[in-house]
file coords-v9.cif (mmCIF, C-alpha atoms)
data_model
loop_
_atom_site.group_PDB
_atom_site.id
_atom_site.type_symbol
_atom_site.label_atom_id
_atom_site.label_comp_id
_atom_site.auth_asym_id
_atom_site.auth_seq_id
_atom_site.Cartn_x
_atom_site.Cartn_y
_atom_site.Cartn_z
ATOM 1 C CA MET A 22 -34.492 10.006 -4.796
ATOM 2 C CA LEU A 23 -30.883 8.898 -4.569
ATOM 3 C CA GLU A 24 -28.782 9.971 -1.631
ATOM 4 C CA THR A 25 -25.175 9.351 -0.691
ATOM 5 C CA ALA A 26 -24.217 8.139 2.746
ATOM 6 C CA LYS A 27 -21.195 6.860 4.634
ATOM 7 C CA LYS A 28 -21.075 3.998 7.063
ATOM 8 C CA ARG A 29 -18.405 2.648 9.365
ATOM 9 C CA PHE A 30 -17.807 -0.947 10.412
ATOM 10 C CA ASP A 31 -15.279 -1.852 13.110
ATOM 11 C CA ILE A 32 -13.196 -4.884 13.938
ATOM 12 C CA LYS A 33 -10.848 -5.278 16.897
ATOM 13 C CA ILE A 34 -7.352 -6.701 16.661
ATOM 14 C CA LEU A 35 -6.481 -8.044 20.088
ATOM 15 C CA VAL A 36 -3.625 -10.443 19.359
ATOM 16 C CA ALA A 37 -0.441 -9.782 17.411
ATOM 17 C CA ASN A 38 0.006 -11.676 14.141
ATOM 18 C CA SER A 39 -3.608 -12.795 14.096
ATOM 19 C CA SER A 40 -6.322 -12.799 11.455
ATOM 20 C CA VAL A 41 -9.768 -11.365 12.070
ATOM 21 C CA SER A 42 -12.732 -11.752 9.728
ATOM 22 C CA ASP A 43 -16.131 -10.223 10.002
ATOM 23 C CA THR A 44 -19.162 -9.789 7.765
ATOM 24 C CA PHE A 45 -21.433 -6.776 7.852
ATOM 25 C CA GLY A 46 -24.798 -6.206 6.249
ATOM 26 C CA LEU A 47 -25.682 -3.124 4.262
ATOM 27 C CA ASP A 48 -29.114 -1.544 4.399
ATOM 28 C CA LYS A 49 -31.534 -2.877 1.812
ATOM 29 C CA ASN A 50 -31.941 0.471 0.117
ATOM 30 C CA VAL A 51 -28.255 0.675 -0.864
ATOM 31 C CA VAL A 52 -27.987 0.689 -4.643
ATOM 32 C CA LYS A 53 -24.290 1.314 -5.298
ATOM 33 C CA VAL A 54 -21.078 1.304 -3.298
ATOM 34 C CA HIS A 55 -18.790 4.045 -4.543
ATOM 35 C CA GLY A 56 -15.766 3.874 -2.286
ATOM 36 C CA ILE A 57 -13.942 2.281 0.617
ATOM 37 C CA LEU A 58 -11.505 3.632 3.186
ATOM 38 C CA VAL A 59 -9.726 2.057 6.138
ATOM 39 C CA THR A 60 -8.615 3.852 9.281
ATOM 40 C CA SER A 61 -7.713 2.935 12.822
ATOM 41 C CA ASP A 62 -7.471 4.346 16.330
ATOM 42 C CA LYS A 63 -3.741 3.526 16.103
ATOM 43 C CA ASP A 64 -3.046 4.384 12.519
ATOM 44 C CA ASP A 65 0.672 3.563 12.637
ATOM 45 C CA LEU A 66 -0.182 -0.059 13.432
ATOM 46 C CA LEU A 67 -2.677 -0.233 10.616
ATOM 47 C CA TYR A 68 -0.245 1.447 8.235
ATOM 48 C CA TYR A 69 2.743 -0.775 8.927
ATOM 49 C CA ARG A 70 1.159 -4.059 10.006
ATOM 50 C CA GLY A 71 -2.159 -4.384 8.205
ATOM 51 C CA GLU A 72 -3.230 -6.423 5.208
ATOM 52 C CA GLN A 73 -6.781 -7.245 4.237
ATOM 53 C CA LYS A 74 -9.146 -8.774 1.779
ATOM 54 C CA ILE A 75 -12.489 -7.091 1.191
ATOM 55 C CA GLU A 76 -15.493 -8.649 -0.511
ATOM 56 C CA ILE A 77 -18.848 -7.145 -1.367
ATOM 57 C CA ASN A 78 -21.606 -9.527 -2.396
ATOM 58 C CA ASN A 79 -18.992 -12.350 -2.385
ATOM 59 C CA LYS A 80 -17.026 -10.507 -5.050
ATOM 60 C CA GLU A 81 -13.436 -9.691 -4.300
ATOM 61 C CA ILE A 82 -12.839 -5.949 -4.172
ATOM 62 C CA VAL A 83 -9.272 -6.125 -2.899
ATOM 63 C CA PRO A 84 -7.473 -9.458 -2.727
ATOM 64 C CA GLU A 85 -5.739 -11.171 0.154
ATOM 65 C CA ASN A 86 -2.402 -9.631 1.184
ATOM 66 C CA TYR A 87 -3.421 -6.174 -0.036
ATOM 67 C CA GLU A 88 -1.705 -3.756 2.314
ATOM 68 C CA SER A 89 -3.907 -1.467 4.394
ATOM 69 C CA LYS A 90 -1.674 1.526 3.700
ATOM 70 C CA LEU A 91 -2.886 1.451 0.102
ATOM 71 C CA LEU A 92 -6.441 2.100 1.282
ATOM 72 C CA MET A 93 -5.592 4.806 3.820
ATOM 73 C CA SER A 94 -5.696 8.551 3.212
ATOM 74 C CA GLY A 95 -3.854 11.062 5.356
ATOM 75 C CA ILE A 96 -5.221 14.430 6.377
ATOM 76 C CA ASN A 97 -3.310 15.963 3.484
ATOM 77 C CA VAL A 98 -5.847 14.428 1.123
ATOM 78 C CA GLU A 99 -8.855 16.610 0.477
ATOM 79 C CA PRO A 100 -11.933 15.131 2.194
ATOM 80 C CA LYS A 101 -13.908 14.501 -0.982
ATOM 81 C CA SER A 102 -11.058 12.413 -2.440
ATOM 82 C CA ARG A 103 -10.264 10.228 0.552
ATOM 83 C CA TYR A 104 -12.221 7.165 -0.452
ATOM 84 C CA TYR A 105 -10.739 4.512 -2.716
ATOM 85 C CA PRO A 106 -13.075 4.602 -5.739
ATOM 86 C CA LEU A 107 -14.889 1.418 -6.747
ATOM 87 C CA GLY A 108 -16.888 2.854 -9.606
ATOM 88 C CA GLY A 109 -20.327 1.939 -8.268
ATOM 89 C CA VAL A 110 -20.325 -1.708 -7.188
ATOM 90 C CA ALA A 111 -23.772 -3.284 -6.925
ATOM 91 C CA PRO A 112 -24.343 -4.437 -3.317
ATOM 92 C CA GLY A 113 -26.133 -7.670 -4.346
ATOM 93 C CA ASN A 114 -26.867 -9.530 -1.124
ATOM 94 C CA GLY A 115 -25.561 -6.536 0.841
ATOM 95 C CA LEU A 116 -22.850 -8.476 2.636
ATOM 96 C CA VAL A 117 -19.472 -6.846 3.132
ATOM 97 C CA LYS A 118 -16.729 -9.129 4.360
ATOM 98 C CA ILE A 119 -13.359 -8.011 5.649
ATOM 99 C CA SER A 120 -10.569 -10.511 6.381
ATOM 100 C CA TYR A 121 -7.854 -8.582 8.146
ATOM 101 C CA LYS A 122 -4.366 -9.862 8.906
ATOM 102 C CA ASP A 123 -1.978 -8.308 11.416
ATOM 103 C CA LEU A 124 1.672 -8.982 10.619
ATOM 104 C CA ASP A 125 4.689 -8.089 12.673
ATOM 105 C CA ASP A 126 6.721 -5.164 11.444
ATOM 106 C CA GLY A 127 10.028 -4.110 12.951
ATOM 107 C CA ARG A 128 8.968 -0.478 13.158
ATOM 108 C CA THR A 129 6.011 -0.984 15.509
ATOM 109 C CA VAL A 130 5.194 -2.525 18.885
ATOM 110 C CA PHE A 131 1.850 -4.301 19.030
ATOM 111 C CA THR A 132 -0.963 -3.092 21.215
ATOM 112 C CA PRO A 133 -4.653 -3.938 20.650
ATOM 113 C CA TYR A 134 -6.226 -1.658 18.084
ATOM 114 C CA ARG A 135 -9.363 -1.030 16.113
ATOM 115 C CA VAL A 136 -9.678 -1.190 12.342
ATOM 116 C CA SER A 137 -12.528 0.764 10.789
ATOM 117 C CA LEU A 138 -13.835 0.129 7.307
ATOM 118 C CA TYR A 139 -15.743 3.058 5.841
ATOM 119 C CA LEU A 140 -18.078 2.693 2.902
ATOM 120 C CA ASP A 141 -19.325 5.473 0.696
ATOM 121 C CA TYR A 142 -22.594 4.409 -0.895
ATOM 122 C CA GLU A 143 -25.739 5.569 -2.549
ATOM 123 C CA THR A 144 -29.211 4.796 -1.283
ATOM 124 C CA GLU A 145 -32.647 5.232 -2.724
ATOM 125 C CA ASP A 146 -35.795 6.079 -0.837
ATOM 126 C CA GLU A 147 -37.799 3.097 0.263
ATOM 127 C CA LEU A 148 -41.281 3.299 -1.126
ATOM 128 C CA MET B 25 -17.052 -7.274 -19.837
ATOM 129 C CA MET B 26 -13.704 -5.832 -18.816
ATOM 130 C CA LYS B 27 -12.737 -5.782 -15.178
ATOM 131 C CA GLU B 28 -9.737 -4.511 -13.238
ATOM 132 C CA GLN B 29 -7.879 -6.895 -10.997
ATOM 133 C CA VAL B 30 -4.705 -6.776 -8.950
ATOM 134 C CA ILE B 31 -2.068 -9.496 -8.709
ATOM 135 C CA ILE B 32 0.076 -9.410 -5.573
ATOM 136 C CA THR B 33 3.580 -10.849 -5.458
ATOM 137 C CA LYS B 34 5.688 -10.990 -2.319
ATOM 138 C CA ILE B 35 9.456 -10.806 -2.617
ATOM 139 C CA SER B 36 11.302 -11.960 0.466
ATOM 140 C CA ILE B 37 14.774 -10.526 1.084
ATOM 141 C CA LYS B 38 17.120 -11.996 3.667
ATOM 142 C CA ARG B 39 20.691 -11.072 2.765
ATOM 143 C CA LYS B 40 22.459 -7.797 2.111
ATOM 144 C CA GLY B 41 22.741 -6.931 -1.518
ATOM 145 C CA GLU B 42 20.443 -9.822 -2.440
ATOM 146 C CA ARG B 43 19.310 -9.899 -6.036
ATOM 147 C CA LYS B 44 16.046 -11.666 -6.834
ATOM 148 C CA HIS B 45 14.630 -12.731 -10.149
ATOM 149 C CA PHE B 46 10.955 -13.582 -10.052
ATOM 150 C CA GLN B 47 7.981 -14.131 -12.293
ATOM 151 C CA ILE B 48 4.474 -12.779 -11.984
ATOM 152 C CA LYS B 49 1.877 -15.001 -13.583
ATOM 153 C CA LEU B 50 -1.198 -13.273 -14.914
ATOM 154 C CA PRO B 51 -4.551 -14.920 -15.595
ATOM 155 C CA LYS B 52 -5.125 -16.174 -19.136
ATOM 156 C CA ASN B 53 -7.883 -13.668 -19.763
ATOM 157 C CA SER B 54 -5.578 -10.689 -19.035
ATOM 158 C CA LYS B 55 -5.565 -8.031 -21.706
ATOM 159 C CA PHE B 56 -3.406 -5.210 -20.445
ATOM 160 C CA ILE B 57 -1.183 -4.328 -17.534
ATOM 161 C CA LEU B 58 -2.590 -1.045 -16.281
ATOM 162 C CA GLY B 59 -0.428 -0.078 -13.365
ATOM 163 C CA VAL B 60 2.106 -1.071 -10.758
ATOM 164 C CA GLU B 61 2.478 -0.142 -7.101
ATOM 165 C CA TYR B 62 4.572 -1.485 -4.270
ATOM 166 C CA GLY B 63 4.754 -1.693 -0.509
ATOM 167 C CA GLY B 64 6.728 -3.583 2.077
ATOM 168 C CA ARG B 65 7.192 -4.835 5.583
ATOM 169 C CA LEU B 66 10.246 -5.076 7.779
ATOM 170 C CA ILE B 67 10.461 -8.521 9.339
ATOM 171 C CA GLU B 68 13.645 -8.394 11.385
ATOM 172 C CA HIS B 69 13.620 -6.652 14.762
ATOM 173 C CA SER B 70 17.278 -5.790 14.970
ATOM 174 C CA ASP B 71 18.068 -2.162 15.882
ATOM 175 C CA SER B 72 20.349 -1.940 12.909
ATOM 176 C CA ALA B 73 17.434 -2.798 10.684
ATOM 177 C CA LEU B 74 15.263 0.144 11.588
ATOM 178 C CA ILE B 75 14.231 1.911 8.458
ATOM 179 C CA ARG B 76 14.544 5.434 9.662
ATOM 180 C CA THR B 77 16.274 8.466 8.423
ATOM 181 C CA PRO B 78 19.462 9.036 10.418
ATOM 182 C CA VAL B 79 19.328 11.900 12.910
ATOM 183 C CA THR B 80 22.589 13.300 11.609
ATOM 184 C CA ASP B 81 21.899 14.669 8.204
ATOM 185 C CA PRO B 82 23.320 12.327 5.575
ATOM 186 C CA PHE B 83 22.546 14.877 2.927
ATOM 187 C CA ALA B 84 24.833 17.521 4.318
ATOM 188 C CA SER B 85 27.655 17.715 1.855
ATOM 189 C CA PRO B 86 30.360 20.336 2.197
ATOM 190 C CA VAL B 87 29.863 23.322 -0.040
ATOM 191 C CA ILE B 88 32.702 23.706 -2.478
ATOM 192 C CA GLY B 89 34.887 26.614 -1.595
ATOM 193 C CA SER B 90 33.400 27.332 1.811
ATOM 194 C CA GLY B 91 34.645 24.248 3.631
ATOM 195 C CA GLY B 92 31.434 24.151 5.646
ATOM 196 C CA VAL B 93 27.969 22.696 5.376
ATOM 197 C CA ASP B 94 25.285 24.449 3.416
ATOM 198 C CA ALA B 95 22.476 25.150 5.889
ATOM 199 C CA ARG B 96 19.875 24.926 3.163
ATOM 200 C CA THR B 97 20.666 21.297 2.457
ATOM 201 C CA GLN B 98 20.069 20.449 6.117
ATOM 202 C CA LEU B 99 16.408 21.198 5.627
ATOM 203 C CA PHE B 100 16.121 18.133 3.468
ATOM 204 C CA LYS B 101 16.561 14.584 4.615
ATOM 205 C CA ARG B 102 17.537 11.733 2.402
ATOM 206 C CA ASN B 103 14.872 9.082 1.868
ATOM 207 C CA GLN B 104 15.941 5.606 2.912
ATOM 208 C CA LEU B 105 16.463 3.574 -0.240
ATOM 209 C CA ILE B 106 15.260 0.009 0.182
ATOM 210 C CA GLY B 107 16.048 -1.397 -3.233
ATOM 211 C CA GLU B 108 15.486 -1.312 -6.944
ATOM 212 C CA LEU B 109 12.576 -2.980 -8.681
ATOM 213 C CA LYS B 110 12.268 -3.615 -12.385
ATOM 214 C CA LEU B 111 9.627 -5.414 -14.428
ATOM 215 C CA GLN B 112 9.705 -6.687 -17.982
ATOM 216 C CA SER B 113 6.971 -8.105 -20.155
ATOM 217 C CA CYS B 114 7.707 -11.191 -22.238
ATOM 218 C CA GLU B 115 6.118 -9.419 -25.176
ATOM 219 C CA LYS B 116 8.718 -6.746 -25.622
ATOM 220 C CA ALA B 117 12.352 -5.990 -24.974
ATOM 221 C CA ASN B 118 13.495 -3.751 -22.107
ATOM 222 C CA TRP B 119 11.924 -2.963 -18.776
ATOM 223 C CA PHE B 120 8.496 -1.407 -18.806
ATOM 224 C CA PHE B 121 8.700 -0.421 -15.155
ATOM 225 C CA ALA B 122 11.711 0.541 -13.052
ATOM 226 C CA VAL B 123 11.594 2.219 -9.667
ATOM 227 C CA ASP B 124 13.705 2.950 -6.615
ATOM 228 C CA VAL B 125 11.828 1.576 -3.632
ATOM 229 C CA PHE B 126 11.903 4.000 -0.701
ATOM 230 C CA ALA B 127 10.809 3.364 2.887
ATOM 231 C CA SER B 128 8.923 6.626 3.256
ATOM 232 C CA ASP B 129 8.985 10.275 2.376
ATOM 233 C CA ALA B 130 11.427 11.743 4.895
ATOM 234 C CA ASN B 131 10.564 15.298 3.849
ATOM 235 C CA LEU B 132 6.813 15.032 4.202
ATOM 236 C CA GLY B 133 6.814 17.596 7.000
ATOM 237 C CA LEU B 134 8.973 20.140 5.235
ATOM 238 C CA ALA B 135 7.719 23.694 5.735
ATOM 239 C CA ASP B 136 4.935 22.522 8.022
ATOM 240 C CA PHE B 137 4.880 24.967 10.896
ATOM 241 C CA SER B 138 2.401 22.983 12.979
ATOM 242 C CA GLN B 139 4.845 20.159 13.650
ATOM 243 C CA GLY B 140 5.089 20.836 17.367
ATOM 244 C CA GLY B 141 1.505 19.807 18.054
ATOM 245 C CA PHE B 142 0.845 17.263 15.346
ATOM 246 C CA PRO B 143 4.016 15.589 14.076
ATOM 247 C CA VAL B 144 3.943 14.771 10.396
ATOM 248 C CA LYS B 145 4.048 11.040 9.655
ATOM 249 C CA ASP B 146 3.273 8.978 6.611
ATOM 250 C CA TYR B 147 0.275 7.405 8.257
ATOM 251 C CA THR B 148 -1.322 10.703 9.283
ATOM 252 C CA HIS B 149 -0.307 13.132 6.561
ATOM 253 C CA GLY B 150 0.445 10.758 3.698
ATOM 254 C CA ASN B 151 -0.955 11.474 0.293
ATOM 255 C CA LYS B 152 -3.359 9.089 -1.317
ATOM 256 C CA ARG B 153 -1.470 6.208 -2.854
ATOM 257 C CA THR B 154 -2.180 5.419 -6.449
ATOM 258 C CA GLU B 155 -0.569 3.060 -8.900
ATOM 259 C CA GLU B 156 2.027 4.097 -11.480
ATOM 260 C CA ILE B 157 0.125 3.943 -14.721
ATOM 261 C CA VAL B 158 1.577 1.776 -17.488
ATOM 262 C CA LYS B 159 -0.033 0.277 -20.541
ATOM 263 C CA VAL B 160 1.524 -2.991 -21.589
ATOM 264 C CA ASP B 161 0.080 -5.904 -23.501
ATOM 265 C CA ALA B 162 -0.523 -8.915 -21.238
ATOM 266 C CA GLU B 163 -0.976 -11.591 -23.923
ATOM 267 C CA SER B 164 1.992 -13.689 -22.779
ATOM 268 C CA THR B 165 0.643 -13.720 -19.175
ATOM 269 C CA ILE B 166 4.137 -13.688 -17.638
ATOM 270 C CA ILE B 167 6.023 -10.720 -16.223
ATOM 271 C CA GLN B 168 9.711 -11.058 -15.455
ATOM 272 C CA GLY B 169 10.800 -9.198 -12.359
ATOM 273 C CA TRP B 170 14.101 -8.208 -10.838
ATOM 274 C CA TYR B 171 14.810 -6.796 -7.408
ATOM 275 C CA LEU B 172 18.092 -5.654 -5.874
ATOM 276 C CA ASP B 173 18.497 -4.944 -2.152
ATOM 277 C CA SER B 174 20.043 -1.651 -1.076
ATOM 278 C CA LEU B 175 18.894 -1.474 2.549
ATOM 279 C CA GLY B 176 21.103 -4.345 3.719
ATOM 280 C CA LYS B 177 24.014 -2.991 1.725
ATOM 281 C CA THR B 178 23.838 0.503 3.222
ATOM 282 C CA GLN B 179 23.223 -0.776 6.763
ATOM 283 C CA LYS B 180 25.924 -3.436 6.322
ATOM 284 C CA ALA B 181 23.659 -6.142 7.782
ATOM 285 C CA ASP B 182 21.443 -8.989 6.671
ATOM 286 C CA ILE B 183 18.001 -7.463 7.014
ATOM 287 C CA LYS B 184 14.878 -9.513 6.511
ATOM 288 C CA TYR B 185 12.010 -7.777 4.822
ATOM 289 C CA GLU B 186 9.281 -8.261 2.261
ATOM 290 C CA VAL B 187 8.454 -6.183 -0.761
ATOM 291 C CA ASN B 188 4.955 -6.487 -2.201
ATOM 292 C CA VAL B 189 4.478 -5.788 -5.873
ATOM 293 C CA TYR B 190 0.942 -4.996 -7.020
ATOM 294 C CA VAL B 191 0.263 -5.361 -10.715
ATOM 295 C CA TRP B 192 -3.065 -3.969 -11.885
ATOM 296 C CA ILE B 193 -4.443 -5.695 -14.947
ATOM 297 C CA ASN B 194 -7.457 -5.557 -17.183
ATOM 298 C CA VAL B 195 -9.231 -8.901 -17.562
ATOM 299 C CA GLU B 196 -12.014 -9.952 -19.862
ATOM 300 C CA GLU B 197 -14.865 -11.793 -18.189
#

call {"tool": "encode", "arguments": {"input": "coords-v9.cif", "output": "structure tokens"}}
result
Amino acid sequence: MLETAKKRFDIKILVANSSVSDTFGLDKNVVKVHGILVTSDKDDLLYYRGEQKIEINNKEIVPENYESKLLMSGINVEPKSRYYPLGGVAPGNGLVKISYKDLDDGRTVFTPYRVSLYLDYETEDEL
Amino acid sequence: MMKEQVIITKISIKRKGERKHFQIKLPKNSKFILGVEYGGRLIEHSDSALIRTPVTDPFASPVIGSGGVDARTQLFKRNQLIGELKLQSCEKANWFFAVDVFASDANLGLADFSQGGFPVKDYTHGNKRTEEIVKVDAESTIIQGWYLDSLGKTQKADIKYEVNVYVWINVEE
């Protein structure tokens, strides 16, 4: 039976104007990835300063320099529509890579923050 | 198989009223341009460069005949105009995309009575961002772009910032 689930992966940005990359593994029973969403504990910093590249199974989902604000959803967005739709990407080797770049912006003052990548996916029962 | 892909182009602005012509190169297997979106980043830290809506209402124009200010107009704040962006395909005449680039929606919190406890900001209450849908042939694989600064002109200062243009295309694999 197929079931949908959500999972969160975190990275920490400790230094201003730095790049942070990390790779996460999906469970083996994931069959499709339907959506992505990025949030932060300091969402103004993510909104104004963040850019990232996201790959699933070594395939580029969003390219380098793609602004984080384009993958964020405010609380005005209905919960079921908050994820950025991918149309059911096959997880392949199950590796999700995020390469995040913090860039100075005149409207914010840097302080260490967390970036969370949420995935909306579908799993099937392991037999 | 057809696949969607996004091409990102950064436009760097340094002087007030700067006008930039640029080209966006698309991959050879591009079929159509599907959509365009934009974003930006303020680079300079000068106080004069802050992209914020002025506290005094710039929208408050005197009401004809009364000599005063219409209170209703004070509810609304003017969005900070950053510049104008236009794109043209080499296939056809005229722009296929033209937009005024704004910093943010200054009236996002209008009529929100909960503002005292949870101030309305773009990054908390913003709507989901989606591309402006266009459908343009991408056979020539070149898009001509034009950008004109307004932020520096209105602030009367050389303000450094970047505008990112995202062009969504359909490619054949």

call {"tool": "interface_residues", "arguments": {"input": "coords-v9.cif", "of": "chain A", "to": "chain B", "cutoff": "8 Å", "atoms": "all atoms listed in the file", "output": "CSV table (one decimal) with C-alpha atoms, keeping the file's coordinate frame"}}
result
chain,number,residue,atom,x,y,z
A,64,ASP,CA,-3.0,4.4,12.5
A,65,ASP,CA,0.7,3.6,12.6
A,68,TYR,CA,-0.2,1.4,8.2
A,69,TYR,CA,2.7,-0.8,8.9
A,70,ARG,CA,1.2,-4.1,10.0
A,83,VAL,CA,-9.3,-6.1,-2.9
A,84,PRO,CA,-7.5,-9.5,-2.7
A,86,ASN,CA,-2.4,-9.6,1.2
A,87,TYR,CA,-3.4,-6.2,0.0
A,88,GLU,CA,-1.7,-3.8,2.3
A,90,LYS,CA,-1.7,1.5,3.7
A,91,LEU,CA,-2.9,1.5,0.1
A,92,LEU,CA,-6.4,2.1,1.3
A,93,MET,CA,-5.6,4.8,3.8
A,94,SER,CA,-5.7,8.6,3.2
A,95,GLY,CA,-3.9,11.1,5.4
A,96,ILE,CA,-5.2,14.4,6.4
A,97,ASN,CA,-3.3,16.0,3.5
A,98,VAL,CA,-5.8,14.4,1.1
A,103,ARG,CA,-10.3,10.2,0.6
A,125,ASP,CA,4.7,-8.1,12.7
A,126,ASP,CA,6.7,-5.2,11.4
A,127,GLY,CA,10.0,-4.1,13.0
A,128,ARG,CA,9.0,-0.5,13.2

call {"tool": "residues_around", "arguments": {"input": "coords-v9.cif", "residues": "stretch 39-56 of chain B", "least_positions_apart": "5", "cutoff": "9 Å", "atoms": "only C-alpha atoms", "output": "CSV table (one decimal) with C-alpha atoms, in the frame of the given file"}}
result
chain,number,residue,atom,x,y,z
B,26,MET,CA,-13.7,-5.8,-18.8
B,31,ILE,CA,-2.1,-9.5,-8.7
B,32,ILE,CA,0.1,-9.4,-5.6
B,33,THR,CA,3.6,-10.8,-5.5
B,107,GLY,CA,16.0,-1.4,-3.2
B,159,LYS,CA,0.0,0.3,-20.5
B,160,VAL,CA,1.5,-3.0,-21.6
B,161,ASP,CA,0.1,-5.9,-23.5
B,162,ALA,CA,-0.5,-8.9,-21.2
B,163,GLU,CA,-1.0,-11.6,-23.9
B,164,SER,CA,2.0,-13.7,-22.8
B,165,THR,CA,0.6,-13.7,-19.2
B,166,ILE,CA,4.1,-13.7,-17.6
B,167,ILE,CA,6.0,-10.7,-16.2
B,168,GLN,CA,9.7,-11.1,-15.5
B,169,GLY,CA,10.8,-9.2,-12.4
B,170,TRP,CA,14.1,-8.2,-10.8
B,171,TYR,CA,14.8,-6.8,-7.4
B,172,LEU,CA,18.1,-5.7,-5.9
B,173,ASP,CA,18.5,-4.9,-2.2
B,174,SER,CA,20.0,-1.7,-1.1
B,175,LEU,CA,18.9,-1.5,2.5
B,176,GLY,CA,21.1,-4.3,3.7
B,177,LYS,CA,24.0,-3.0,1.7
B,178,THR,CA,23.8,0.5,3.2
B,179,GLN,CA,23.2,-0.8,6.8
B,180,LYS,CA,25.9,-3.4,6.3
B,181,ALA,CA,23.7,-6.1,7.8
B,182,ASP,CA,21.4,-9.0,6.7
B,183,ILE,CA,18.0,-7.5,7.0
B,184,LYS,CA,14.9,-9.5,6.5
B,191,VAL,CA,0.3,-5.4,-10.7
B,192,TRP,CA,-3.1,-4.0,-11.9
B,193,ILE,CA,-4.4,-5.7,-14.9
B,194,ASN,CA,-7.5,-5.6,-17.2
B,195,VAL,CA,-9.2,-8.9,-17.6
B,196,GLU,CA,-12.0,-10.0,-19.9
B,197,GLU,CA,-14.9,-11.8,-18.2

call {"tool": "resolve_selection", "arguments": {"input": "coords-v9.cif", "expression": "the PyMOL selection byres ((chain A and resi 24) around 10)", "output": "PyMOL selection string"}}
result
chain A and resi 22-23+25-26+51-52+142-146

call {"tool": "resolve_selection", "arguments": {"input": "coords-v9.cif", "expression": "the PyMOL selection byres ((chain A and resi 30) around 8)", "output": "number ranges by chain"}}
result
A: 28-29, 31-32, 45, 137-139

call {"tool": "write_last_selection", "arguments": {"input": "coords-v9.cif", "atoms": "C-alpha atoms", "output": "compact mmCIF listing (two decimals), in the frame of the given file"}}
result
# COMPACT_ATOMS: atom_id res chain seq x y z
CA LYS A 28 -21.08 4.00 7.06
CA ARG A 29 -18.40 2.65 9.36
CA ASP A 31 -15.28 -1.85 13.11
CA ILE A 32 -13.20 -4.88 13.94
CA PHE A 45 -21.43 -6.78 7.85
CA SER A 137 -12.53 0.76 10.79
CA LEU A 138 -13.84 0.13 7.31
CA TYR A 139 -15.74 3.06 5.84

call {"tool": "residues_around", "arguments": {"input": "coords-v9.cif", "residues": "A:Phe131", "least_positions_apart": "2", "cutoff": "8 Å", "atoms": "only C-alpha atoms", "output": "list of chain:residue names"}}
result
A:Ala37, A:Leu66, A:Asp125, A:Thr129, A:Pro133

call {"tool": "resolve_selection", "arguments": {"input": "coords-v9.cif", "expression": "the PyMOL selection byres ((chain A and resi 43) around 9)", "output": "ChimeraX atom specification"}}
result
/A:31-32,41-42,44-45,117-121

call {"tool": "closest_residue", "arguments": {"input": "coords-v9.cif", "among": "A:Lys122, A:Val136, A:Gly71, A:Pro112", "to": "A:Asp48", "atoms": "only C-alpha atoms"}}
result
A:Pro112

call {"tool": "atom_distance", "arguments": {"input": "coords-v9.cif", "atom1": "atom CA of B:Pro143", "atom2": "atom CA of B:Lys101"}}
result
15.7 Å

call {"tool": "atom_distance", "arguments": {"input": "coords-v9.cif", "atom1": "atom CA of B:Asp129", "atom2": "atom CA of A:Asp123"}}
result
23.4 Å

call {"tool": "atom_distance", "arguments": {"input": "coords-v9.cif", "atom1": "atom CA of A:Asn38", "atom2": "atom CA of A:Arg135"}}
result
14.3 Å

call {"tool": "closest_residue", "arguments": {"input": "coords-v9.cif", "among": "A:Ile57, A:Leu116, A:Asn50, A:Thr132", "to": "A:Lys33", "atoms": "all atoms listed in the file"}}
result
A:Thr132

call {"tool": "closest_residue", "arguments": {"input": "coords-v9.cif", "among": "A:Ile82, A:Leu140, A:Ile34, A:Ala111", "to": "A:Gly56", "atoms": "only C-alpha atoms"}}
result
A:Leu140
